[in-house]
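The file input_13.txt contains compact mmCIF, C-alpha atoms:
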# COMPACT_ATOMS: atom_id res chain seq x y z
CA MET A 10 185.58 18.98 58.32
CA ALA A 11 185.28 16.95 61.52
CA LEU A 12 182.51 19.22 62.82
CA VAL A 13 180.55 18.83 59.58
CA LEU A 14 180.85 15.05 59.69
CA ILE A 15 179.84 14.87 63.36
CA ARG A 16 176.81 17.07 62.67
CA ARG A 17 175.73 14.89 59.76
CA LEU A 18 176.21 11.67 61.72
CA ALA A 19 174.19 13.11 64.61
CA GLY A 20 171.41 14.13 62.23
CA ARG A 21 171.28 10.63 60.75
CA LEU A 22 171.13 9.08 64.21
CA VAL A 23 168.26 11.36 65.20
CA LEU A 24 166.44 10.33 62.03
CA LEU A 25 167.17 6.71 62.91
CA VAL A 26 165.36 7.11 66.25
CA GLY A 27 162.23 8.14 64.35
CA VAL A 28 162.59 5.14 62.05
CA LEU A 29 163.01 2.83 65.04
CA ALA A 30 159.84 4.19 66.64
CA ALA A 31 157.95 3.51 63.39
CA VAL A 32 159.33 -0.05 63.19
CA PHE A 33 158.46 -0.73 66.84
CA ALA A 34 154.91 0.52 66.32
CA ALA A 35 154.44 -1.33 63.00
CA VAL A 36 155.47 -4.70 64.45
CA ASP A 37 153.46 -4.08 67.62
CA LEU A 38 150.32 -3.31 65.60
CA LEU A 39 150.52 -6.51 63.56
CA PRO A 40 147.57 -8.85 64.13
CA GLY A 41 148.00 -11.65 66.64
CA SER A 42 149.42 -12.01 70.12
CA ALA A 43 153.15 -12.19 70.82
CA ALA A 44 152.47 -13.82 74.18
CA ARG A 45 150.25 -16.53 72.73
CA GLY A 46 152.74 -17.12 69.95
CA ALA A 47 155.50 -17.65 72.50
CA LEU A 48 153.40 -19.93 74.74
CA GLY A 49 151.61 -21.90 72.04
CA ALA A 50 148.03 -22.14 70.84
CA ASN A 51 146.97 -24.26 73.86
CA ALA A 52 148.04 -21.71 76.49
CA THR A 53 145.37 -20.63 78.97
CA GLU A 54 144.11 -17.06 79.17
CA ASP A 55 145.74 -16.67 82.60
CA ALA A 56 149.10 -17.79 81.21
CA VAL A 57 148.75 -15.40 78.27
CA ALA A 58 147.85 -12.53 80.62
CA ALA A 59 150.87 -13.31 82.82
CA LYS A 60 153.14 -13.42 79.76
CA ASN A 61 151.74 -10.09 78.53
CA ALA A 62 152.56 -8.56 81.91
CA GLU A 63 156.07 -10.07 81.77
CA LEU A 64 156.64 -8.62 78.30
CA GLY A 65 155.19 -5.26 79.31
CA MET A 66 152.33 -5.59 76.83
CA ASP A 67 150.02 -4.03 79.42
CA HIS A 68 151.68 -0.71 78.57
CA ALA A 69 151.21 1.30 75.39
CA TRP A 70 153.88 0.86 72.72
CA PRO A 71 155.35 4.39 73.16
CA VAL A 72 156.07 3.59 76.82
CA ARG A 73 157.67 0.26 75.93
CA PHE A 74 159.69 1.88 73.12
CA ALA A 75 160.96 4.59 75.46
CA HIS A 76 161.97 1.93 77.99
CA TRP A 77 163.76 -0.09 75.27
CA LEU A 78 165.48 3.02 73.91
CA ALA A 79 166.75 3.92 77.39
CA GLY A 80 168.23 0.45 77.72
CA LEU A 81 169.84 0.75 74.30
CA PHE A 82 172.12 3.52 75.55
CA THR A 83 173.47 1.11 78.18
CA GLY A 84 174.08 -1.65 75.63
CA ASP A 85 170.98 -3.66 76.52
CA LEU A 86 169.15 -4.69 73.34
CA GLY A 87 166.32 -6.26 75.29
CA THR A 88 164.81 -9.74 75.55
CA THR A 89 162.83 -11.67 72.94
CA VAL A 90 159.25 -12.77 73.53
CA ARG A 91 160.66 -16.26 74.12
CA GLY A 92 162.93 -15.02 76.90
CA ARG A 93 166.29 -15.03 75.11
CA SER A 94 168.77 -12.18 75.04
CA VAL A 95 168.47 -10.17 71.82
CA GLY A 96 172.13 -9.21 72.09
CA GLU A 97 173.21 -12.85 72.13
CA LEU A 98 171.00 -13.75 69.15
CA VAL A 99 172.26 -10.81 67.09
CA ALA A 100 175.87 -11.50 68.06
CA ALA A 101 175.46 -15.06 66.77
CA ALA A 102 173.72 -14.06 63.51
CA LEU A 103 175.47 -10.81 62.60
CA PRO A 104 178.90 -12.24 61.60
CA GLU A 105 177.37 -14.46 58.91
CA THR A 106 175.41 -11.56 57.45
CA LEU A 107 178.51 -9.35 57.49
CA ILE A 108 180.43 -12.06 55.62
CA VAL A 109 177.78 -12.35 52.91
CA VAL A 110 177.17 -8.60 52.62
CA GLY A 111 180.92 -7.84 52.71
CA ALA A 112 181.64 -10.40 49.99
CA ALA A 113 178.84 -8.99 47.84
CA LEU A 114 180.21 -5.47 48.31
CA LEU A 115 183.74 -6.61 47.43
CA ILE A 116 182.34 -8.02 44.19
CA THR A 117 180.13 -5.02 43.49
CA VAL A 118 182.60 -2.13 43.75
CA PRO A 119 185.43 -3.35 41.46
CA CYS A 120 183.09 -5.01 38.95
CA ALA A 121 180.81 -1.99 38.73
CA THR A 122 183.74 0.43 38.50
CA ALA A 123 185.38 -1.56 35.71
CA LEU A 124 182.13 -2.13 33.79
CA GLY A 125 180.84 1.42 34.20
CA THR A 126 184.18 2.95 33.17
CA TRP A 127 184.51 0.72 30.09
CA TRP A 128 180.87 1.42 29.21
CA ALA A 129 181.45 5.17 29.30
CA MET A 130 184.93 5.31 27.73
CA ARG A 131 185.48 2.44 25.34
CA ALA A 132 182.32 0.46 24.61
CA LYS A 133 180.97 0.40 21.05
CA PRO A 134 177.30 1.32 20.40
CA GLY A 135 176.13 -2.29 20.27
CA ALA A 136 177.90 -3.19 23.50
CA ARG A 137 176.53 -0.06 25.17
CA ARG A 138 172.96 -1.05 24.32
CA LEU A 139 173.59 -4.57 25.61
CA VAL A 140 175.06 -3.34 28.91
CA ASP A 141 172.26 -0.81 29.25
CA GLY A 142 169.65 -3.56 28.91
CA LEU A 143 171.42 -5.99 31.24
CA THR A 144 171.97 -3.43 34.00
CA THR A 145 168.38 -2.20 33.77
CA THR A 146 167.10 -5.77 34.03
CA SER A 147 169.33 -6.59 37.01
CA ILE A 148 167.99 -3.56 38.87
CA ALA A 149 164.34 -4.19 38.01
CA VAL A 150 164.23 -7.88 38.96
CA PRO A 151 163.69 -8.46 42.72
CA GLU A 152 166.36 -10.29 44.73
CA PHE A 153 164.12 -13.28 45.42
CA VAL A 154 163.61 -13.80 41.67
CA ILE A 155 167.36 -13.60 41.06
CA ALA A 156 167.90 -16.03 43.94
CA THR A 157 165.35 -18.44 42.45
CA VAL A 158 166.97 -18.29 39.01
CA LEU A 159 170.40 -18.95 40.55
CA ILE A 160 169.00 -21.97 42.39
CA VAL A 161 167.46 -23.36 39.21
CA VAL A 162 170.64 -22.87 37.16
CA PHE A 163 173.45 -23.69 39.58
CA ALA A 164 171.73 -26.11 41.96
CA LEU A 165 169.13 -27.93 39.87
CA LEU A 166 170.46 -27.85 36.30
CA LEU A 167 174.23 -27.79 36.84
CA ASP A 168 174.26 -29.39 40.32
CA ALA A 169 177.30 -27.22 41.07
CA LEU A 170 176.24 -25.40 44.24
CA PRO A 171 173.87 -26.15 47.13
CA ALA A 172 170.38 -24.69 46.88
CA VAL A 173 169.97 -23.99 50.60
CA THR A 174 172.22 -23.47 53.59
CA ILE A 175 172.50 -26.35 56.02
CA VAL A 176 173.02 -25.14 59.59
CA THR A 177 175.18 -27.23 61.91
CA ALA A 178 174.46 -27.93 65.57
CA ASP A 179 176.61 -24.99 66.67
CA GLY A 180 174.70 -22.55 64.43
CA GLY A 181 177.34 -22.30 61.68
CA ILE A 182 177.08 -23.36 58.04
CA ALA A 183 178.03 -26.84 56.89
CA ALA A 184 180.23 -25.77 53.93
CA PRO A 185 181.67 -22.46 52.65
CA ASP A 186 180.20 -22.91 49.16
CA MET A 187 176.75 -22.42 50.69
CA ARG A 188 177.55 -18.71 50.77
CA VAL A 189 178.15 -18.45 47.01
CA LEU A 190 174.56 -18.20 45.75
CA PRO A 191 173.42 -15.78 48.50
CA VAL A 192 176.40 -13.53 47.70
CA LEU A 193 175.65 -13.62 43.96
CA ALA A 194 171.95 -12.95 44.55
CA LEU A 195 172.86 -9.83 46.51
CA ALA A 196 175.69 -8.66 44.24
CA ILE A 197 174.03 -8.92 40.81
CA PRO A 198 171.48 -6.09 41.22
CA GLN A 199 174.05 -3.90 42.98
CA VAL A 200 176.60 -4.39 40.19
CA GLY A 201 173.92 -3.27 37.74
CA TRP A 202 172.95 -0.18 39.73
CA ASN A 203 176.50 0.87 40.57
CA SER A 204 177.61 0.35 36.97
CA ARG A 205 175.04 2.90 35.84
CA VAL A 206 176.19 5.33 38.54
CA VAL A 207 179.86 4.92 37.54
CA HIS A 208 178.95 5.26 33.86
CA ALA A 209 177.14 8.54 34.51
CA ALA A 210 179.97 9.91 36.69
CA VAL A 211 182.70 8.98 34.20
CA ALA A 212 180.69 10.30 31.27
CA ASP A 213 180.25 13.62 33.09
CA HIS A 214 184.01 14.06 33.55
CA ARG A 215 185.44 12.65 30.34
CA GLY A 216 184.74 15.95 28.59
CA ASP A 217 186.47 18.09 31.24
CA PRO A 218 189.10 20.48 29.87
CA HIS A 219 191.99 18.77 31.68
CA VAL A 220 190.92 15.40 30.23
CA THR A 221 190.82 16.82 26.71
CA GLN A 222 194.22 18.41 27.24
CA ALA A 223 195.66 15.11 28.46
CA LEU A 224 194.47 13.38 25.30
CA LEU A 225 195.95 16.15 23.14
CA ASP A 226 199.23 15.72 24.99
CA GLY A 227 199.37 12.15 23.71
CA LEU A 228 198.55 10.23 26.90
CA THR A 229 197.02 6.80 26.32
CA PRO A 230 193.28 6.36 26.96
CA TRP A 231 194.08 4.01 29.87
CA ARG A 232 196.31 6.60 31.55
CA VAL A 233 193.80 9.38 30.94
CA THR A 234 191.03 7.27 32.44
CA THR A 235 192.96 6.19 35.54
CA ARG A 236 194.80 9.47 36.18
CA HIS A 237 192.30 12.14 35.14
CA VAL A 238 188.76 10.74 34.93
CA LEU A 239 188.35 8.17 37.68
CA PRO A 240 189.78 10.37 40.47
CA MET A 241 187.08 12.94 39.74
CA ALA A 242 184.42 10.23 39.90
CA ILE A 243 185.60 8.79 43.24
CA PRO A 244 183.15 10.81 45.43
CA THR A 245 180.20 9.55 43.37
CA ILE A 246 181.51 5.97 43.42
CA ALA A 247 182.03 6.15 47.20
CA ALA A 248 178.52 7.50 47.78
CA ALA A 249 177.05 4.76 45.58
CA ALA A 250 179.01 2.09 47.48
CA ALA A 251 177.76 3.51 50.79
CA THR A 252 174.18 3.43 49.54
CA SER A 253 174.71 -0.13 48.30
CA THR A 254 175.75 -1.17 51.79
CA GLY A 255 172.29 -0.35 53.08
CA MET A 256 170.63 -1.94 50.06
CA LEU A 257 172.68 -5.10 50.52
CA VAL A 258 171.72 -5.38 54.18
CA GLY A 259 168.08 -4.83 53.25
CA GLY A 260 168.32 -7.40 50.47
CA ALA A 261 169.85 -9.87 52.90
CA VAL A 262 166.47 -10.12 54.67
CA VAL A 263 164.94 -11.60 51.52
CA VAL A 264 167.95 -13.58 50.30
CA GLU A 265 168.71 -15.19 53.66
CA THR A 266 165.10 -16.30 53.90
CA VAL A 267 165.19 -17.87 50.42
CA PHE A 268 168.44 -19.75 51.13
CA ASN A 269 167.68 -20.45 54.83
CA HIS A 270 170.92 -18.63 55.64
CA PRO A 271 171.55 -18.10 59.39
CA GLY A 272 171.98 -14.31 59.45
CA VAL A 273 170.18 -11.28 60.82
CA GLY A 274 167.83 -11.33 57.83
CA ASN A 275 166.47 -14.69 58.91
CA LEU A 276 166.40 -13.45 62.50
CA LEU A 277 164.40 -10.37 61.49
CA THR A 278 161.91 -12.49 59.55
CA ALA A 279 161.41 -14.71 62.60
CA ALA A 280 160.98 -11.63 64.83
CA VAL A 281 158.24 -10.20 62.62
CA THR A 282 156.53 -13.61 62.50
CA ASP A 283 156.61 -13.76 66.32
CA LYS A 284 155.43 -10.13 66.52
CA ASP A 285 158.61 -9.48 68.49
CA SER A 286 158.93 -5.70 68.24
CA VAL A 287 161.98 -5.56 70.55
CA THR A 288 164.06 -7.95 68.44
CA ALA A 289 162.98 -6.44 65.12
CA THR A 290 163.74 -2.89 66.31
CA ALA A 291 167.12 -3.92 67.74
CA ILE A 292 168.16 -5.42 64.39
CA VAL A 293 167.03 -2.30 62.51
CA ALA A 294 168.94 -0.16 65.02
CA LEU A 295 172.21 -2.01 64.43
CA VAL A 296 171.77 -1.92 60.67
CA GLY A 297 170.83 1.76 60.80
CA VAL A 298 173.92 2.69 62.80
CA LEU A 299 176.08 0.77 60.33
CA ILE A 300 174.52 2.59 57.38
CA ALA A 301 174.85 5.98 59.10
CA VAL A 302 178.55 5.38 59.72
CA VAL A 303 179.16 4.23 56.13
CA LEU A 304 177.32 7.24 54.68
CA THR A 305 179.36 9.55 56.90
CA ALA A 306 182.54 7.87 55.68
CA SER A 307 181.47 8.50 52.08
CA ASP A 308 180.88 12.16 52.97
CA ALA A 309 184.43 12.29 54.31
CA VAL A 310 185.78 10.89 51.03
CA ARG A 311 183.84 13.46 49.02
CA ILE A 312 185.04 16.34 51.20
CA ILE A 313 188.67 15.19 51.00
CA VAL A 314 188.57 14.78 47.21
CA THR A 315 186.50 17.86 46.28
CA GLY A 316 187.20 20.13 49.25
CA ARG A 317 183.49 21.02 49.40
CA THR A 318 181.30 20.40 52.45
CA ALA A 319 177.99 21.33 50.81

Using the file provided, produce a representation of the structure as structure tokens.
Amino acid sequence: MALVLIRRLAGRLVLLVGVLAAVFAAVDLLPGSAARGALGANATEDAVAAKNAELGMDHAWPVRFAHWLAGLFTGDLGTTVRGRSVGELVAAALPETLIVVGAALLITVPCATALGTWWAMRAKPGARRLVDGLTTTSIAVPEFVIATVLIVVFALLLDALPAVTIVTADGGIAAPDMRVLPVLALAIPQVGWNSRVVHAAVADHRGDPHVTQALLDGLTPWRVTTRHVLPMAIPTIAAAAATSTGMLVGGAVVVETVFNHPGVGNLLTAAVTDKDSVTATAIVALVGVLIAVVLTASDAVRIIVTGRTA
């Protein structure tokens, strides 16, 4: 099993290198000048040329990407166009994103498992149609729309939660409740999507012979569900949760921008605005490694539960 998991992780990391090259090139090919953006609109042509040489912009992007990639293996994430260490910026922003994404995932998995299981096993036809409509809507509506609705309801109408995050002088947030709306904006679509996945997995296994036999033996529906149905659905639930991790991190880029939340999403937005290919690629690299590890962990769960490596 270990060899299979190592091979899959290596394959995902190789794929990630290709993605990083595409991100580096895409940001580099954006219109505008990173050097002029860093120096200001009034910078002289000589100053811009000197800054381009400092940033290595006098080389083609494949050469600069290869140089950055070589440094990545030594732990050097590079330097921003404004001369700051990318590693320091990411280290300051990453914990806040991990808190928000982790909280959203902790809400998503139990809520989706409970809702999807009830939907498949116990819900009446009317309730099933209602849940079907609500989950479809939550998936279809973009995160920024959900975030805007949450701001209107909880910040403007109810005045219960802050609409934006206020950042203190040390780079932290002013109050813990400023995380609530970003977490909800991320969790709502993932609860909808994962509920549908759990519903499908549970529905597939509720007709298994051993489940039918357990019901004929007089076991209660709750015991049959928890002892005989859900264990068979665990690999699917784990894979969905792993996929949601990547989707949550991706959604954080939009949500953190809407709420002015000081995480890597906001940092990535600023990097693209500055045409800072090094910073943008470094953030994608860290996120990609995290997703690769989580997906490999879900593969391990599936192999342990099912005994199949294919």

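Shell of segment 15-27 of chain A at 8 Å, with only C-alpha atoms counted and residues fewer than 2 places along the chain excluded, is Ala11, Leu12, Val13, Leu29, Ala30, Ala31, Ala294, Gly297, Val298, Ala301, Val302 and Thr305 of chain A.
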
Hey, which bits of segment 160-239 of chain A sit within 12 Å of segment 144-153 of chain A, and for each residue what's the closest pair of atoms and how far apart in Å (one decimal), counting all atoms listed in the file, rows by chain and increasing number, as JSON lines?
{"residue": "A:Ile160", "atom": "CA", "partner": "A:Phe153", "partner_atom": "CA", "distance": 10.4}
{"residue": "A:Leu190", "atom": "CA", "partner": "A:Glu152", "partner_atom": "CA", "distance": 11.4}
{"residue": "A:Pro191", "atom": "CA", "partner": "A:Glu152", "partner_atom": "CA", "distance": 9.7}
{"residue": "A:Val192", "atom": "CA", "partner": "A:Glu152", "partner_atom": "CA", "distance": 11.0}
{"residue": "A:Leu193", "atom": "CA", "partner": "A:Glu152", "partner_atom": "CA", "distance": 9.9}
{"residue": "A:Ala194", "atom": "CA", "partner": "A:Glu152", "partner_atom": "CA", "distance": 6.2}
{"residue": "A:Leu195", "atom": "CA", "partner": "A:Glu152", "partner_atom": "CA", "distance": 6.8}
{"residue": "A:Ala196", "atom": "CA", "partner": "A:Glu152", "partner_atom": "CA", "distance": 9.5}
{"residue": "A:Ile197", "atom": "CA", "partner": "A:Ser147", "partner_atom": "CA", "distance": 6.5}
{"residue": "A:Pro198", "atom": "CA", "partner": "A:Ser147", "partner_atom": "CA", "distance": 4.8}
{"residue": "A:Gln199", "atom": "CA", "partner": "A:Ile148", "partner_atom": "CA", "distance": 7.3}
{"residue": "A:Val200", "atom": "CA", "partner": "A:Thr144", "partner_atom": "CA", "distance": 7.8}
{"residue": "A:Gly201", "atom": "CA", "partner": "A:Thr144", "partner_atom": "CA", "distance": 4.2}
{"residue": "A:Trp202", "atom": "CA", "partner": "A:Ile148", "partner_atom": "CA", "distance": 6.1}
{"residue": "A:Asn203", "atom": "CA", "partner": "A:Thr144", "partner_atom": "CA", "distance": 9.1}
{"residue": "A:Ser204", "atom": "CA", "partner": "A:Thr144", "partner_atom": "CA", "distance": 7.4}
{"residue": "A:Arg205", "atom": "CA", "partner": "A:Thr144", "partner_atom": "CA", "distance": 7.3}
{"residue": "A:Val206", "atom": "CA", "partner": "A:Thr144", "partner_atom": "CA", "distance": 10.7}
{"residue": "A:His208", "atom": "CA", "partner": "A:Thr144", "partner_atom": "CA", "distance": 11.1}

Selection export as an mmCIF file, keeping the file's coordinate frame, atoms kept: C-alpha atoms:
data_model
loop_
_atom_site.group_PDB
_atom_site.id
_atom_site.type_symbol
_atom_site.label_atom_id
_atom_site.label_comp_id
_atom_site.auth_asym_id
_atom_site.auth_seq_id
_atom_site.Cartn_x
_atom_site.Cartn_y
_atom_site.Cartn_z
ATOM 1 C CA ILE A 160 169.000 -21.970 42.390
ATOM 2 C CA LEU A 190 174.560 -18.200 45.750
ATOM 3 C CA PRO A 191 173.420 -15.780 48.500
ATOM 4 C CA VAL A 192 176.400 -13.530 47.700
ATOM 5 C CA LEU A 193 175.650 -13.620 43.960
ATOM 6 C CA ALA A 194 171.950 -12.950 44.550
ATOM 7 C CA LEU A 195 172.860 -9.830 46.510
ATOM 8 C CA ALA A 196 175.690 -8.660 44.240
ATOM 9 C CA ILE A 197 174.030 -8.920 40.810
ATOM 10 C CA PRO A 198 171.480 -6.090 41.220
ATOM 11 C CA GLN A 199 174.050 -3.900 42.980
ATOM 12 C CA VAL A 200 176.600 -4.390 40.190
ATOM 13 C CA GLY A 201 173.920 -3.270 37.740
ATOM 14 C CA TRP A 202 172.950 -0.180 39.730
ATOM 15 C CA ASN A 203 176.500 0.870 40.570
ATOM 16 C CA SER A 204 177.610 0.350 36.970
ATOM 17 C CA ARG A 205 175.040 2.900 35.840
ATOM 18 C CA VAL A 206 176.190 5.330 38.540
ATOM 19 C CA HIS A 208 178.950 5.260 33.860
#

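The residue set within 9 Å of Arg45 of chain A, counting all atoms listed in the file and dropping same-chain residues fewer than 2 places from it, reads Gly41, Ser42, Ala43, Ala47, Leu48, Gly49, Ala50, Asn51, Ala52, Thr53, Glu54, Ala56, Val57, Lys60 and Asn61 of chain A.
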
Could you write those residues out with C-alpha atoms, as a PDB file, keeping the file's coordinate frame?
ATOM      1  CA  GLY A  41     148.000 -11.650  66.640  1.00  0.00           C
ATOM      2  CA  SER A  42     149.420 -12.010  70.120  1.00  0.00           C
ATOM      3  CA  ALA A  43     153.150 -12.190  70.820  1.00  0.00           C
ATOM      4  CA  ALA A  47     155.500 -17.650  72.500  1.00  0.00           C
ATOM      5  CA  LEU A  48     153.400 -19.930  74.740  1.00  0.00           C
ATOM      6  CA  GLY A  49     151.610 -21.900  72.040  1.00  0.00           C
ATOM      7  CA  ALA A  50     148.030 -22.140  70.840  1.00  0.00           C
ATOM      8  CA  ASN A  51     146.970 -24.260  73.860  1.00  0.00           C
ATOM      9  CA  ALA A  52     148.040 -21.710  76.490  1.00  0.00           C
ATOM     10  CA  THR A  53     145.370 -20.630  78.970  1.00  0.00           C
ATOM     11  CA  GLU A  54     144.110 -17.060  79.170  1.00  0.00           C
ATOM     12  CA  ALA A  56     149.100 -17.790  81.210  1.00  0.00           C
ATOM     13  CA  VAL A  57     148.750 -15.400  78.270  1.00  0.00           C
ATOM     14  CA  LYS A  60     153.140 -13.420  79.760  1.00  0.00           C
ATOM     15  CA  ASN A  61     151.740 -10.090  78.530  1.00  0.00           C
TER      16      ASN A  61
END

Ala210 of chain A: which residues within 10 Å, counting only C-alpha atoms, same-chain residues fewer than 4 positions away excluded, as a ChimeraX atom specification? /A:125-126,129,204-206,214-215,238-239,241-246

Hey, can you check how far atom CA of His237 of chain A sits from atom CA of Leu139 of chain A?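 So the answer is 26.8 Å.
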
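Between atom CA of Val95 of chain A and atom CA of Thr288 of chain A the interatomic distance comes to 6.0 Å.
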
Distance of atom CA of Met187 of chain A from atom CA of Leu170 of chain A, expressed in Å to one decimal place: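 That distance, rounded to one decimal, is 7.1 Å.
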
Which residues, protein or nucleic acid, reach to within 9 Å of (159.2, -14.8, 80.7) in the file's coordinates when using only C-alpha atoms, and can you give that as a list in words? Ala59, Lys60, Glu63, Leu64, Val90, Arg91 and Gly92 of chain A

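Checking A:Leu14, A:Val161, A:Ala58, A:Gly274 one by one against Val310 of chain A, counting all atoms listed in the file, you find the shortest gap at A:Leu14.
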
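Closest to Ala100 of chain A among A:Leu276, A:Leu167, A:Ala306, A:Ala212 is A:Leu276, based on all atoms listed in the file.
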
Selection: 10 Å around Leu295 of chain A, all atoms listed in the file, excl. self and same-chain fewer than 6 positions, as a PyMOL selection string: chain A and resi 86+99+103+301

Within 9 Å of (179.1, 10.5, 51.1) in the file's own coordinates, which protein, DNA or RNA residues have an atom, counting only C-alpha atoms? List them as a ChimeraX atom specification. /A:244-245,247-249,251-252,303-312

Point out the residue among A:Ala261, A:Ala102, A:Ala250, A:Met256 with the least atom-to-atom distance to Val176 of chain A, counting all atoms listed in the file.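 Of A:Ala261, A:Ala102, A:Ala250, A:Met256, the one nearest Val176 of chain A is A:Ala102, counting all atoms listed in the file.
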
Starting from 3 Å padding per side, set up an axis-aligned box that covers all listed atoms of segment 31-39 of chain A and hand over centre and edge lengths in Å, one decimal, as lines of an AutoDock Vina configuration file.
center_x = 154.8
center_y = -1.5
center_z = 65.3
size_x = 15.0
size_y = 16.0
size_z = 10.6

When distances are computed from only C-alpha atoms, which of A:Thr106, A:Ser94, A:Thr221, A:Thr290 shows the smallest separation from Thr254 of chain A?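 When distances to Thr254 of chain A are compared using only C-alpha atoms, the smallest one comes from A:Thr106.
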
Would you list the contacts of segment 77-84 of chain A as a list in words, taking every protein, DNA or RNA residue within 9 Å and counting all atoms listed in the file, but skipping same-chain residues closer than 6 positions in sequence? Val26, Gly96, Val287 and Ala291 of chain A

Choose the residue, out of A:Val262, A:Ala289, A:Leu39, A:Val118, that has the smallest atom-to-atom separation from Leu98 of chain A; count all atoms listed in the file. A:Ala289
